[in-house]
$ cat data-v7.cif   # mmCIF, C-alpha atoms
data_upload
loop_
_atom_site.label_atom_id
_atom_site.label_comp_id
_atom_site.auth_asym_id
_atom_site.auth_seq_id
_atom_site.Cartn_x
_atom_site.Cartn_y
_atom_site.Cartn_z
CA MET C 20 -23.21 -4.11 9.18
CA THR C 21 -19.63 -4.72 8.09
CA THR C 22 -16.96 -4.20 10.69
CA ILE C 23 -13.20 -4.24 10.69
CA TRP C 24 -10.68 -4.38 13.50
CA LEU C 25 -8.34 -1.49 14.04
CA GLN C 26 -5.21 -1.51 16.16
CA PRO C 27 -4.88 1.76 18.09
CA PRO C 28 -1.46 3.37 17.94
CA ALA C 29 -0.94 3.31 21.70
CA PRO C 30 1.41 0.47 22.63
CA GLY C 31 -0.28 -2.42 24.36
CA SER C 32 -3.77 -1.41 23.42
CA ASP C 33 -6.29 -3.96 22.24
CA PRO C 34 -7.81 -3.89 18.76
CA ILE C 35 -11.23 -2.33 18.50
CA GLU C 36 -14.07 -3.35 16.23
CA VAL C 37 -15.39 -0.51 14.10
CA GLU C 38 -18.19 -0.28 11.59
CA TYR C 39 -16.66 -0.03 8.13
CA THR C 40 -17.92 3.32 7.01
CA ARG C 41 -15.83 6.24 5.90
CA GLU C 42 -17.26 8.42 8.65
CA LYS C 43 -16.29 5.92 11.35
CA ILE C 44 -12.90 4.72 10.24
CA VAL C 45 -11.21 7.70 8.60
CA PRO C 46 -10.90 9.73 11.84
CA LEU C 47 -9.41 6.68 13.54
CA MET C 48 -7.01 5.96 10.69
CA VAL C 49 -5.94 9.60 10.76
CA GLN C 50 -5.05 9.08 14.41
CA GLY C 51 -2.87 6.15 13.38
CA HIS C 52 -5.18 3.19 13.88
CA ARG C 53 -4.32 0.37 11.51
CA GLN C 54 -6.40 -2.51 10.28
CA VAL C 55 -5.55 -5.87 11.79
CA PRO C 56 -7.13 -9.28 11.41
CA ALA C 57 -10.04 -10.01 13.67
CA PRO C 58 -8.80 -11.51 16.92
CA ALA C 59 -9.24 -15.25 17.13
CA LYS C 60 -12.25 -16.23 19.18
CA PRO C 61 -11.40 -18.46 22.14
CA ALA C 62 -11.97 -22.11 21.40
CA PRO C 63 -15.02 -23.52 23.14
CA SER C 64 -14.14 -25.29 26.35
CA SER C 65 -13.97 -29.03 25.90
CA ALA C 66 -15.29 -29.49 29.43
CA THR C 67 -18.58 -27.90 28.50
CA THR C 68 -19.09 -29.37 25.10
CA ALA C 69 -17.66 -32.86 25.21
CA GLU C 70 -18.73 -35.84 27.21
CA PRO C 71 -16.13 -36.68 29.89
CA LYS C 72 -13.90 -39.50 28.76
CA THR C 73 -14.32 -42.66 30.85
CA ILE C 74 -12.51 -45.94 31.07
CA TRP C 75 -13.40 -49.29 32.60
CA LEU C 76 -11.41 -50.72 35.51
CA GLN C 77 -11.31 -54.32 36.65
CA PRO C 78 -11.05 -54.73 40.50
CA PRO C 79 -8.06 -56.79 41.62
CA ALA C 80 -10.31 -59.18 43.51
CA GLY C 81 -12.49 -59.84 40.50
CA GLY C 82 -16.10 -58.89 40.06
CA PRO C 83 -17.71 -56.56 37.54
CA ALA C 84 -15.64 -53.75 35.97
CA ILE C 85 -16.51 -50.26 36.93
CA GLU C 86 -16.61 -47.16 34.74
CA VAL C 87 -14.68 -44.17 36.02
CA GLU C 88 -13.82 -40.79 34.62
CA ALA C 89 -10.36 -40.79 33.08
CA VAL C 90 -8.86 -37.95 35.07
CA PRO C 91 -5.83 -38.39 37.31
CA ASP C 92 -7.54 -37.37 40.54
CA ILE C 93 -10.10 -40.14 40.15
CA LEU C 94 -7.99 -42.77 38.47
CA THR C 95 -4.96 -42.71 40.72
CA PRO C 96 -6.57 -44.17 43.90
CA TYR C 97 -8.00 -47.05 41.90
CA MET C 98 -4.71 -47.76 40.19
CA ASN C 99 -2.92 -47.70 43.55
CA GLN C 100 -5.33 -50.39 44.73
CA GLY C 101 -4.46 -52.60 41.77
CA TYR C 102 -7.34 -51.84 39.46
CA ARG C 103 -6.42 -52.25 35.81
CA GLU C 104 -7.99 -50.93 32.64
CA VAL C 105 -10.13 -53.33 30.65
CA PRO C 106 -12.20 -52.91 27.50
CA ALA C 107 -15.71 -51.61 27.99
CA PRO C 108 -18.12 -54.49 28.52
CA LYS C 109 -20.39 -55.31 25.63
CA ALA C 110 -23.88 -53.97 26.06
CA MET H 1 19.77 -12.15 -29.38
CA PRO H 2 18.22 -8.75 -28.69
CA THR H 3 14.85 -8.44 -27.09
CA ARG H 4 12.11 -5.85 -27.26
CA ILE H 5 11.22 -3.93 -24.15
CA GLN H 6 7.58 -4.90 -24.64
CA ASN H 7 8.74 -8.24 -23.26
CA ALA H 8 9.44 -6.58 -19.95
CA THR H 9 7.06 -7.83 -17.31
CA LEU H 10 6.47 -5.76 -14.21
CA GLY H 11 5.14 -7.47 -11.10
CA LEU H 12 3.95 -5.32 -8.23
CA GLY H 13 3.75 -6.94 -4.83
CA ILE H 14 0.45 -6.11 -3.20
CA THR H 15 1.17 -7.46 0.26
CA ALA H 16 3.52 -5.28 2.20
CA GLN H 17 6.66 -6.90 3.52
CA THR H 18 6.93 -7.36 7.24
CA ASN H 19 10.02 -5.18 7.13
CA ILE H 20 12.23 -3.54 4.55
CA SER H 21 14.64 -6.41 4.15
CA THR H 22 12.52 -9.53 4.32
CA PRO H 23 12.25 -11.05 0.86
CA ALA H 24 8.67 -11.64 0.02
CA GLY H 25 8.75 -14.94 -1.76
CA SER H 26 5.11 -15.74 -1.07
CA THR H 27 3.78 -12.31 -1.91
CA THR H 28 0.92 -11.96 -4.33
CA TYR H 29 1.81 -9.93 -7.39
CA ILE H 30 -0.20 -8.12 -9.99
CA VAL H 31 1.27 -7.75 -13.43
CA VAL H 32 0.45 -4.54 -15.22
CA PRO H 33 1.68 -3.17 -18.53
CA LYS H 34 3.08 0.36 -18.42
CA LEU H 35 3.60 3.23 -20.81
CA ASP H 36 7.15 4.32 -20.03
CA SER H 37 10.10 2.41 -21.39
CA ASP H 38 12.17 2.45 -18.20
CA ILE H 39 13.80 -0.84 -17.35
CA TYR H 40 15.27 -0.55 -13.92
CA ILE H 41 18.63 -1.49 -12.57
CA ASP H 42 19.74 -1.68 -8.97
CA ASP H 43 22.43 0.99 -9.24
CA PHE H 44 25.75 -0.15 -7.86
CA ASN H 45 27.64 2.97 -6.86
CA THR H 46 31.36 3.29 -6.29
CA GLU H 47 33.94 5.85 -5.29
CA ASP H 48 37.64 5.94 -6.05
CA ASN H 49 40.84 7.26 -4.63
CA ALA H 50 41.79 9.59 -7.51
CA ALA H 51 41.99 12.67 -5.29
CA TRP H 52 43.97 11.02 -2.52
CA ILE H 53 47.31 12.60 -1.72
CA GLY H 54 50.53 10.64 -1.59
CA LYS H 55 50.03 8.07 -4.34
CA GLY H 56 52.00 9.93 -6.99
CA ASN H 57 49.37 11.00 -9.51
CA GLU H 58 45.77 12.17 -9.92
CA PHE H 59 44.42 8.94 -11.32
CA ALA H 60 42.40 6.34 -9.56
CA THR H 61 44.23 3.26 -8.44
CA GLN H 62 41.46 1.79 -6.36
CA VAL H 63 37.66 1.69 -6.57
CA PHE H 64 35.41 1.08 -3.59
CA PRO H 65 31.77 -0.04 -3.53
CA THR H 66 29.54 2.44 -1.76
CA ALA H 67 25.85 1.71 -2.00
CA PHE H 68 23.05 0.11 -3.94
CA ASN H 69 20.21 2.37 -4.94
CA LEU H 70 17.07 1.62 -6.87
CA ALA H 71 14.79 4.30 -8.24
CA GLY H 72 12.04 3.63 -10.71
CA ARG H 73 9.07 5.14 -12.44
CA ILE H 74 5.81 3.60 -13.58
CA GLU H 75 3.61 5.54 -15.95
CA LYS H 76 0.15 4.30 -16.78
CA HIS H 77 -3.31 5.28 -17.90
CA GLY H 78 -6.21 5.33 -15.50
CA GLY H 79 -6.38 1.69 -14.52
CA ILE H 80 -8.31 1.61 -11.26
CA GLU H 81 -6.30 -1.35 -9.97
CA PHE H 82 -2.93 0.33 -10.45
CA MET H 83 -4.31 3.60 -9.15
CA THR H 84 -5.38 1.82 -5.99
CA TRP H 85 -2.01 0.13 -5.54
CA ALA H 86 -0.17 3.38 -6.16
CA TRP H 87 -2.18 5.60 -3.85
CA ALA H 88 -2.32 2.89 -1.18
CA GLY H 89 1.44 2.64 -1.20
CA ALA H 90 1.90 6.39 -1.30
CA LEU H 91 -0.44 7.16 1.58
CA GLY H 92 0.46 4.08 3.61
CA ASN H 93 -2.49 3.45 5.92
CA ILE H 94 -4.81 0.94 4.24
CA ALA H 95 -8.09 -0.59 5.32
CA TYR H 96 -10.20 -2.99 3.29
CA ALA H 97 -13.56 -4.65 3.61
CA THR H 98 -16.43 -5.61 1.31
CA GLY H 99 -14.43 -4.83 -1.78
CA THR H 100 -13.70 -1.24 -0.77
CA TYR H 101 -10.36 0.21 0.18
CA THR H 102 -9.94 3.21 2.44
CA LEU H 103 -6.59 4.94 2.12
CA VAL H 104 -5.24 7.56 4.49
CA PRO H 105 -1.76 9.06 4.94
CA ILE H 106 0.22 7.50 7.74
CA ASN H 107 0.28 9.36 11.01
CA PRO H 108 3.89 10.43 11.66
CA ALA H 109 3.22 10.19 15.36
CA THR H 110 2.99 6.44 14.98
CA THR H 111 5.54 5.67 12.28
CA LEU H 112 7.69 7.36 9.68
CA GLU H 113 8.21 4.28 7.56
CA MET H 114 6.05 3.60 4.57
CA PRO H 115 4.90 0.11 3.67
CA TYR H 116 7.51 -1.81 1.72
CA PHE H 117 6.43 -3.72 -1.35
CA PRO H 118 8.49 -6.06 -3.50
CA ILE H 119 8.69 -5.29 -7.21
CA VAL H 120 9.73 -7.79 -9.85
CA LEU H 121 11.04 -6.98 -13.30
CA GLN H 122 11.54 -9.74 -15.83
CA LEU H 123 12.64 -9.41 -19.44
CA ALA H 124 12.60 -12.51 -21.59
CA GLU H 125 15.38 -12.86 -24.10
CA GLY H 126 16.69 -15.72 -26.20
CA GLY H 127 14.77 -18.32 -24.26
CA GLY H 128 16.14 -17.02 -21.00
CA SER H 129 15.87 -13.85 -19.02
CA ALA H 130 17.90 -10.73 -19.71
CA ILE H 131 16.46 -9.35 -16.50
CA ASP H 132 14.95 -11.32 -13.64
CA ASP H 133 15.14 -9.09 -10.61
CA LEU H 134 13.26 -8.97 -7.34
CA TYR H 135 13.67 -5.55 -5.79
CA VAL H 136 13.11 -5.93 -2.09
CA GLY H 137 11.82 -3.13 0.10
CA CYS H 138 10.34 -0.64 -2.33
CA SER H 139 8.25 2.27 -1.17
CA ILE H 140 6.39 4.92 -3.07
CA GLU H 141 8.09 8.27 -3.31
CA GLU H 142 5.41 10.02 -5.30
CA VAL H 143 2.13 9.37 -7.03
CA THR H 144 0.43 11.69 -9.47
CA THR H 145 -2.91 11.27 -11.15
CA THR H 146 -3.80 13.62 -13.96
CA TYR H 147 -6.98 14.08 -15.90
CA ASN H 148 -7.58 15.98 -19.10
CA TYR H 149 -10.34 16.81 -21.48
CA GLY H 150 -10.45 14.81 -24.67
CA HIS H 151 -11.24 11.21 -25.37
CA GLY H 152 -9.31 8.03 -24.98
CA LEU H 153 -7.17 6.46 -22.33
CA GLN H 154 -4.89 9.51 -22.31
CA SER H 155 -7.61 11.39 -20.47
CA VAL H 156 -6.48 9.85 -17.17
CA GLY H 157 -2.96 8.95 -16.15
CA THR H 158 -1.20 7.83 -13.01
CA THR H 159 2.55 8.01 -12.54
CA VAL H 160 4.50 6.56 -9.66
CA GLN H 161 8.05 7.16 -8.56
CA PHE H 162 9.38 4.51 -6.23
CA ALA H 163 12.57 3.88 -4.33
CA GLY H 164 14.05 0.55 -3.36
CA SER H 165 16.20 -0.44 -0.44
CA GLY H 166 18.86 -1.68 -2.81
CA LEU H 167 18.34 -5.27 -1.74
CA LEU H 168 18.20 -7.42 -4.83
CA THR H 169 17.36 -11.04 -5.45
CA SER H 170 18.41 -12.16 -8.91
CA PRO H 171 17.17 -14.43 -10.33
CA SER H 172 13.96 -13.52 -8.63
CA ALA H 173 12.58 -17.06 -8.25
CA VAL H 174 9.17 -15.45 -8.66
CA THR H 175 6.61 -16.86 -11.06
CA LEU H 176 4.47 -13.94 -12.01
CA PRO H 177 0.79 -14.35 -12.84
CA SER H 178 -0.66 -13.39 -16.19
CA VAL H 179 -1.29 -9.76 -17.02
CA LEU H 180 -4.01 -8.24 -14.90
CA SER H 181 -7.25 -7.40 -16.61
CA GLU H 182 -7.42 -3.71 -15.82
CA HIS H 183 -10.36 -1.37 -15.73
CA ASN H 184 -9.32 1.97 -17.16
CA ALA H 185 -11.36 4.94 -16.11
CA LEU H 186 -11.87 7.83 -18.52
CA SER H 187 -12.05 11.45 -17.45
CA SER H 188 -15.51 11.58 -18.98
CA SER H 189 -16.65 9.41 -16.06
CA MET H 190 -15.61 12.03 -13.54
CA ALA H 191 -17.65 13.59 -10.77
CA LEU H 192 -15.96 16.63 -9.28
CA THR H 193 -17.02 19.08 -6.64
CA ILE H 194 -14.52 21.60 -5.27
CA ASN H 195 -15.29 24.14 -2.60
CA GLY H 196 -19.00 23.82 -3.19
CA THR H 197 -18.88 24.04 -6.98
CA ASP H 198 -19.92 21.10 -9.12
CA TYR H 199 -17.54 21.50 -12.05
CA VAL H 200 -19.05 18.64 -14.00
CA ALA H 201 -22.58 19.98 -13.78
CA GLY H 202 -21.25 23.35 -14.89
CA LYS H 203 -19.35 21.72 -17.80
CA THR H 204 -16.32 23.85 -16.98
CA ILE H 205 -13.63 21.46 -15.77
CA LEU H 206 -10.83 20.83 -18.25
CA SER H 207 -7.92 19.22 -16.50
CA GLY H 208 -6.29 18.72 -13.16
CA VAL H 209 -3.69 16.99 -11.06
CA PHE H 210 -3.79 15.16 -7.75
CA GLY H 211 -0.46 14.25 -6.26
CA TRP H 212 1.25 13.10 -3.13
CA LYS H 213 4.99 13.20 -2.56
CA ASN H 214 6.59 11.62 0.47
CA ASN H 215 10.06 13.17 0.03
CA LEU H 216 11.57 9.99 1.41
CA LEU H 217 14.69 10.48 3.51
CA LEU H 218 16.69 8.16 1.31
CA ASN H 219 20.16 9.13 2.46
CA ALA H 220 19.17 8.52 6.06
CA GLY H 221 18.28 4.99 5.05
CA TYR H 222 21.99 4.18 5.05
CA TYR H 223 22.65 4.22 8.76
CA PRO H 224 25.22 2.36 10.84
CA GLY H 225 24.05 -1.22 10.64
CA SER H 226 21.59 -0.70 7.80
CA GLY H 227 23.07 -3.66 5.98
CA THR H 228 25.33 -4.50 3.07
CA GLN H 229 25.12 -6.49 -0.11
CA SER H 230 28.17 -7.45 -2.14
CA GLY H 231 30.24 -5.06 -0.06
CA ALA H 232 28.00 -2.05 -0.66
CA ALA H 233 25.48 -0.46 1.65
CA VAL H 234 21.75 -0.99 1.38
CA ARG H 235 19.03 0.92 3.14
CA GLY H 236 17.53 -0.29 6.37
CA ARG H 237 14.68 2.19 6.39
CA GLN H 238 12.87 4.60 4.11
CA GLU H 239 11.12 7.28 6.09
CA ILE H 240 8.85 10.06 5.02
CA GLY H 241 10.23 13.54 4.92
CA VAL H 242 8.11 16.64 4.50
CA ARG H 243 5.13 15.33 2.60
CA VAL H 244 3.67 17.51 -0.10
CA PRO H 245 0.19 17.14 -1.54
CA THR H 246 -0.52 18.51 -5.00
CA PHE H 247 -3.91 19.64 -6.20
CA THR H 248 -4.40 21.85 -9.23
CA PHE H 249 -7.15 22.22 -11.78
CA VAL H 250 -8.08 24.20 -14.85
CA ALA H 251 -11.66 25.19 -15.60
CA ARG H 252 -13.35 27.42 -18.09
CA LEU H 253 -13.75 31.00 -16.95
CA LEU H 254 -17.33 32.21 -16.63
CA HIS H 255 -18.79 35.40 -15.29
CA THR H 256 -20.01 33.28 -12.39
CA SER H 257 -16.68 31.61 -11.76
CA PRO H 258 -16.15 31.56 -8.01
CA GLU H 259 -12.43 30.84 -7.82
CA TYR H 260 -10.98 34.33 -7.58
CA ALA H 261 -13.54 35.44 -5.02
CA ALA H 262 -12.86 32.29 -3.03
CA LEU H 263 -9.16 33.04 -3.17
CA ILE H 264 -9.65 36.56 -1.86
CA ALA H 265 -12.05 35.40 0.84
CA GLN H 266 -9.89 32.33 1.58
CA THR H 267 -13.03 30.30 1.52
CA THR H 268 -12.51 26.79 2.80
CA GLY H 269 -14.43 23.70 1.85
CA THR H 270 -13.96 20.14 0.75
CA ALA H 271 -13.14 18.65 -2.61
CA THR H 272 -14.31 15.31 -3.90
CA CYS H 273 -13.41 13.69 -7.16
CA THR H 274 -14.52 10.29 -8.39
CA LEU H 275 -13.40 8.37 -11.44
CA THR H 276 -15.63 5.48 -12.33
CA TYR H 277 -15.24 2.52 -14.63
CA ASP H 278 -18.27 0.76 -13.21
CA SER H 279 -19.99 0.15 -9.90
CA THR H 280 -17.19 -2.07 -8.64
CA HIS H 281 -14.23 -0.25 -10.17
CA ASN H 282 -13.92 3.35 -9.08
CA PHE H 283 -11.67 5.68 -7.16
CA THR H 284 -12.54 8.70 -5.03
CA TRP H 285 -10.32 11.38 -3.57
CA THR H 286 -11.71 13.39 -0.69
CA TRP H 287 -9.66 16.42 0.27
CA GLU H 288 -10.95 17.14 3.69
CA GLN H 289 -10.34 20.87 3.79
CA ILE H 290 -9.07 23.09 1.01
CA SER H 291 -8.71 26.72 0.06
CA TYR H 292 -7.22 28.37 -2.99
CA LYS H 293 -3.58 29.34 -3.04
CA VAL H 294 -3.10 30.71 -6.55
CA VAL H 295 -5.62 31.64 -9.22
CA LYS H 296 -4.43 32.52 -12.71
CA ARG H 297 -6.13 33.07 -16.01
CA GLY H 298 -5.27 31.44 -19.26
CA GLN H 299 -6.83 29.82 -22.26
CA ALA H 300 -7.38 26.43 -23.77
CA ASP H 301 -8.37 26.06 -27.42
CA GLY H 302 -8.86 29.81 -27.42
CA ILE H 303 -11.37 29.73 -24.59
CA ALA H 304 -10.63 31.64 -21.41
CA THR H 305 -9.75 29.52 -18.41
CA VAL H 306 -9.00 29.83 -14.75
CA GLU H 307 -6.05 27.86 -13.39
CA VAL H 308 -6.22 27.12 -9.70
CA THR H 309 -3.57 25.86 -7.33
CA VAL H 310 -5.40 24.44 -4.37
CA GLN H 311 -4.04 24.54 -0.83
CA PRO H 312 -4.97 21.29 0.89
CA GLN H 313 -5.30 21.78 4.62
CA TYR H 314 -5.18 19.37 7.52
CA SER H 315 -8.32 18.82 9.52
CA ASN H 316 -7.75 17.57 13.04
CA SER H 317 -10.69 15.22 12.77
CA THR H 318 -10.44 13.90 9.23
CA GLY H 319 -6.89 14.60 8.20
CA ILE H 320 -5.90 16.00 4.85
CA LEU H 321 -6.86 13.39 2.29
CA SER H 322 -8.68 10.11 2.22
CA CYS H 323 -9.24 7.90 -0.78
CA SER H 324 -11.84 5.26 -1.36
CA ALA H 325 -11.37 2.66 -4.04
CA GLN H 326 -13.14 -0.35 -5.39
CA CYS H 327 -11.35 -2.73 -7.69
CA GLY H 328 -11.05 -6.41 -8.37
CA VAL H 329 -7.74 -6.77 -6.57
CA ALA H 330 -8.11 -7.79 -2.96
CA GLY H 331 -5.27 -7.97 -0.53
CA ILE H 332 -3.42 -4.71 -0.95
CA THR H 333 -2.20 -4.38 2.60
CA ALA H 334 0.21 -2.21 4.48
#
$ encode --input "data-v7.cif" --output "C-alpha cells"
Amino acid sequence: MTTIWLQPPAPGSDPIEVEYTREKIVPLMVQGHRQVPAPAKPAPSSATTAEPKTIWLQPPAGGPAIEVEAVPDILTPYMNQGYREVPAPKA
Amino acid sequence: MPTRIQNATLGLGITAQTNISTPAGSTTYIVVPKLDSDIYIDDFNTEDNAAWIGKGNEFATQVFPTAFNLAGRIEKHGGIEFMTWAWAGALGNIAYATGTYTLVPINPATTLEMPYFPIVLQLAEGGGSAIDDLYVGCSIEEVTTTYNYGHGLQSVGTTVQFAGSGLLTSPSAVTLPSVLSEHNALSSSMALTINGTDYVAGKTILSGVFGWKNNLLLNAGYYPGSGTQSGAAVRGRQEIGVRVPTFTFVARLLHTSPEYAALIAQTTGTATCTLTYDSTHNFTWTWEQISYKVVKRGQADGIATVEVTVQPQYSNSTGILSCSAQCGVAGITA
C-alpha cells in the first residue's frame, strides 16, 4: 500500500498519512489538503542503542585504575578527589 | 547575425517557487519544443505627461516607468509530459506517488494564489544569446486541451496561457537540459464516457475541448509594496479570479443519441476521458458531476452531428475536476 502525507488546511494541524488512491485523496485535496514530505522519524535514542561511554580514572593515592561512566554526575566527585583520566589498561 | 526562432529553447520549471519573487536557480527544468512562434518579452510599460496642463503644449516632455508585465502562450501537441505540467499548474493542487500525479483545483478557502513556476527562454544567436531570460513567478492563466478526429499529432493539442510577475533575471544563469523526450498521445487512443454514454464504443465522438481558466487577478498583483524592478512595478501576487471550466464535445447524431433528452431532463452524471500513449504515459480527466447546458446540431464531412456544451458542476465530496497523469517526469510540485 502506497501512502502519502497530506497537510490539512487548518493552521497548526499535523500532516496525516493517507493511502494513495484517487478515492482516498481527491476528497481531501478538494478540501485543501496538500501533499507534504513524510515527517522525519525521530532518531533512535543513543541511550538505548549505544553502549555507555566509559573512561578510566587513576586514584590519587595510586592503585589500579577504575572504569567509570563518562557522565558529569558520576565523574565530578572522582575528579574533585583528584582522580585523573588514564588510558584504558591493556587486557 | 540573424537567428531562426527554431533556436528558441523553452525551459519550464517543474518545481514551484516558494513564493512569487524567489528566483529559482536550483529548479529542475524540462525543455519542450512548441508549435507557436511566440518569443516572449517582459513588457516594460510607461506613461507620459502629454495630457498634463500647464506645460505649454500637448506633447510629452517626460516618460515614467509603470510596470513590468509578462504574458505568454505555449501551444503544443498531445505530449503527456507537457499536458501534465500544464494542467498541474492550472489546477494548482498536486499530489504524486508511484509515478502517478493527482491534480485538483486549489481550494479558495485555503489560498487564492496559484503555484509559481520559473520559465526560461533562450535564443542562440551569433555564438551568443539574443534572448536569455528567466521569468520569475509565472502562473498558468489558462489551459486548453483539444482532440479531433483524423490522424497525426494534430489530433490532440494543449495550449497554455501564462502570466509572469514581471520579475526578470537576464542573463538567466540557467543551464537547461536537453530537449525532453516526449510521449505524444493521439486521439485514437482515447477512452471517453460522458453521462453514462461510451462515445468510443459507439464510434460517435468526433472532437472536443477541455479547458480551465483561472482569470487571474493580474491588476491586483500590483499592490502597495508589491515590489519594483528598474523603477517599474512588479506583481507580488497572482490570485485566481472567477475560475471557468470548459467542456464541449461533438459527436455523430444517431437516432439513439441521448444528449438532447439528457439536456431536457438535466440528467447529471460523470465524465471520464483518458488519453494514452502507453501504460506509463497517460492522462485522465474526471469531471465529477456534469449536465448538459447547450445541445446543437450540425454536420461534419456531411454527416449530422450533435454539439454539446457541458455544464461541469461542483460536488461537495469530490469537487469539480480531478486529473490523473502518468509520465516520465517526476517532481512537478506545487
$ residues_around --input "data-v7.cif" --residues "stretch 311-314 of chain H" --least-positions-apart "3" --cutoff "8 Å" --atoms "all atoms listed in the file" --output "list of chain:residue names"
H:Pro245, H:Thr246, H:Phe247, H:Trp287, H:Glu288, H:Gln289, H:Ile290, H:Ser291, H:Tyr292, H:Lys293, H:Thr318, H:Gly319, H:Ile320
$ residues_near_point --input "data-v7.cif" --point "(23.1, -1.6, -1.6)" --cutoff "8 Å" --atoms "only C-alpha atoms" --output "ChimeraX atom specification"
/H:44,66-69,165-167,227-230,232-235
$ residues_around --input "data-v7.cif" --residues "H:Asp36" --least-positions-apart "5" --cutoff "8 Å" --atoms "all atoms listed in the file" --output "JSON, numbers by chain"
{"H": [73, 74, 75, 76]}
$ residues_near_point --input "data-v7.cif" --point "(-16.5, -7.5, 13.1)" --cutoff "6 Å" --atoms "only C-alpha atoms" --output "ChimeraX atom specification"
/C:22-23,36
$ resolve_selection --input "data-v7.cif" --expression "the PyMOL selection byres ((chain C) within 6 of (chain H))" --output "PyMOL selection string"
chain C and resi 46+49+51+54
$ write_last_selection --input "data-v7.cif" --atoms "C-alpha atoms" --output "PDB file, in the coordinates of the input"
ATOM      1  CA  PRO C  46     -10.900   9.730  11.840  1.00  0.00           C
ATOM      2  CA  VAL C  49      -5.940   9.600  10.760  1.00  0.00           C
ATOM      3  CA  GLY C  51      -2.870   6.150  13.380  1.00  0.00           C
ATOM      4  CA  GLN C  54      -6.400  -2.510  10.280  1.00  0.00           C
TER       5      GLN C  54
END
$ atom_distance --input "data-v7.cif" --atom1 "atom CA of C:Leu25" --atom2 "atom CA of C:Val37"
7.1 Å
$ resolve_selection --input "data-v7.cif" --expression "the PyMOL selection byres ((chain C and resi 21) around 6)" --output "list in words"
Met20, Thr22, Glu38 and Tyr39 of chain C
$ atom_distance --input "data-v7.cif" --atom1 "atom CA of H:Asp38" --atom2 "atom CA of H:Val174"
20.5 Å
$ residues_around --input "data-v7.cif" --residues "H:Ser181" --least-positions-apart "3" --cutoff "10 Å" --atoms "all atoms listed in the file" --output "list in words"
Ile30, Val31, Val32, Gly79, Glu81, Ser178, Asn184 and Gly328 of chain H
$ resolve_selection --input "data-v7.cif" --expression "the PyMOL selection byres ((chain C and resi 75) around 9)" --output "number ranges by chain"
C: 73-74, 76-77, 84-88, 103-108
$ write_last_selection --input "data-v7.cif" --atoms "C-alpha atoms" --output "tab-separated table (two decimals), in the coordinates of the input"
chain	number	residue	atom	x	y	z
C	73	THR	CA	-14.32	-42.66	30.85
C	74	ILE	CA	-12.51	-45.94	31.07
C	76	LEU	CA	-11.41	-50.72	35.51
C	77	GLN	CA	-11.31	-54.32	36.65
C	84	ALA	CA	-15.64	-53.75	35.97
C	85	ILE	CA	-16.51	-50.26	36.93
C	86	GLU	CA	-16.61	-47.16	34.74
C	87	VAL	CA	-14.68	-44.17	36.02
C	88	GLU	CA	-13.82	-40.79	34.62
C	103	ARG	CA	-6.42	-52.25	35.81
C	104	GLU	CA	-7.99	-50.93	32.64
C	105	VAL	CA	-10.13	-53.33	30.65
C	106	PRO	CA	-12.20	-52.91	27.50
C	107	ALA	CA	-15.71	-51.61	27.99
C	108	PRO	CA	-18.12	-54.49	28.52
$ atom_distance --input "data-v7.cif" --atom1 "atom CA of H:Ile41" --atom2 "atom CA of H:Val242"
27.0 Å
$ closest_residue --input "data-v7.cif" --among "C:Ala29, C:Ala59, C:Met98, C:Val45" --to "C:Pro78" --atoms "all atoms listed in the file"
C:Met98
$ closest_residue --input "data-v7.cif" --among "H:Phe64, H:Trp85, H:Trp52, H:Tyr40" --to "H:Ala330" --atoms "all atoms listed in the file"
H:Trp85
$ closest_residue --input "data-v7.cif" --among "C:Lys60, C:Ser32, C:Pro91, C:Pro27" --to "C:Leu47" --atoms "all atoms listed in the file"
C:Pro27
$ decode --input "data-v7.cif" --residues "stretch 39-49 of chain C" --atoms "N, CA and C atoms" --output "compact mmCIF listing (two decimals), in the first residue's frame"
# COMPACT_ATOMS: atom_id res chain seq x y z
N TYR C 39 -2.61 6.22 -1.08
CA TYR C 39 -2.60 6.96 -2.33
C TYR C 39 -3.51 6.29 -3.35
N THR C 40 -4.78 6.51 -3.16
CA THR C 40 -5.75 6.11 -4.16
C THR C 40 -6.61 7.33 -4.45
N ARG C 41 -7.14 7.36 -5.65
CA ARG C 41 -7.95 8.51 -6.05
C ARG C 41 -9.13 8.70 -5.09
N GLU C 42 -9.74 7.59 -4.71
CA GLU C 42 -10.92 7.66 -3.85
C GLU C 42 -10.58 8.25 -2.49
N LYS C 43 -9.37 8.00 -2.01
CA LYS C 43 -8.99 8.48 -0.67
C LYS C 43 -8.50 9.92 -0.70
N ILE C 44 -7.70 10.25 -1.72
CA ILE C 44 -7.03 11.55 -1.62
C ILE C 44 -7.78 12.69 -2.29
N VAL C 45 -8.56 12.40 -3.34
CA VAL C 45 -9.23 13.51 -4.02
C VAL C 45 -10.17 14.28 -3.08
N PRO C 46 -11.01 13.60 -2.29
CA PRO C 46 -11.87 14.39 -1.38
C PRO C 46 -11.06 15.26 -0.42
N LEU C 47 -9.92 14.76 0.01
CA LEU C 47 -9.10 15.56 0.93
C LEU C 47 -8.45 16.73 0.20
N MET C 48 -7.96 16.48 -1.02
CA MET C 48 -7.36 17.57 -1.77
C MET C 48 -8.40 18.63 -2.11
N VAL C 49 -9.61 18.21 -2.38
CA VAL C 49 -10.69 19.16 -2.64
C VAL C 49 -10.92 20.07 -1.43
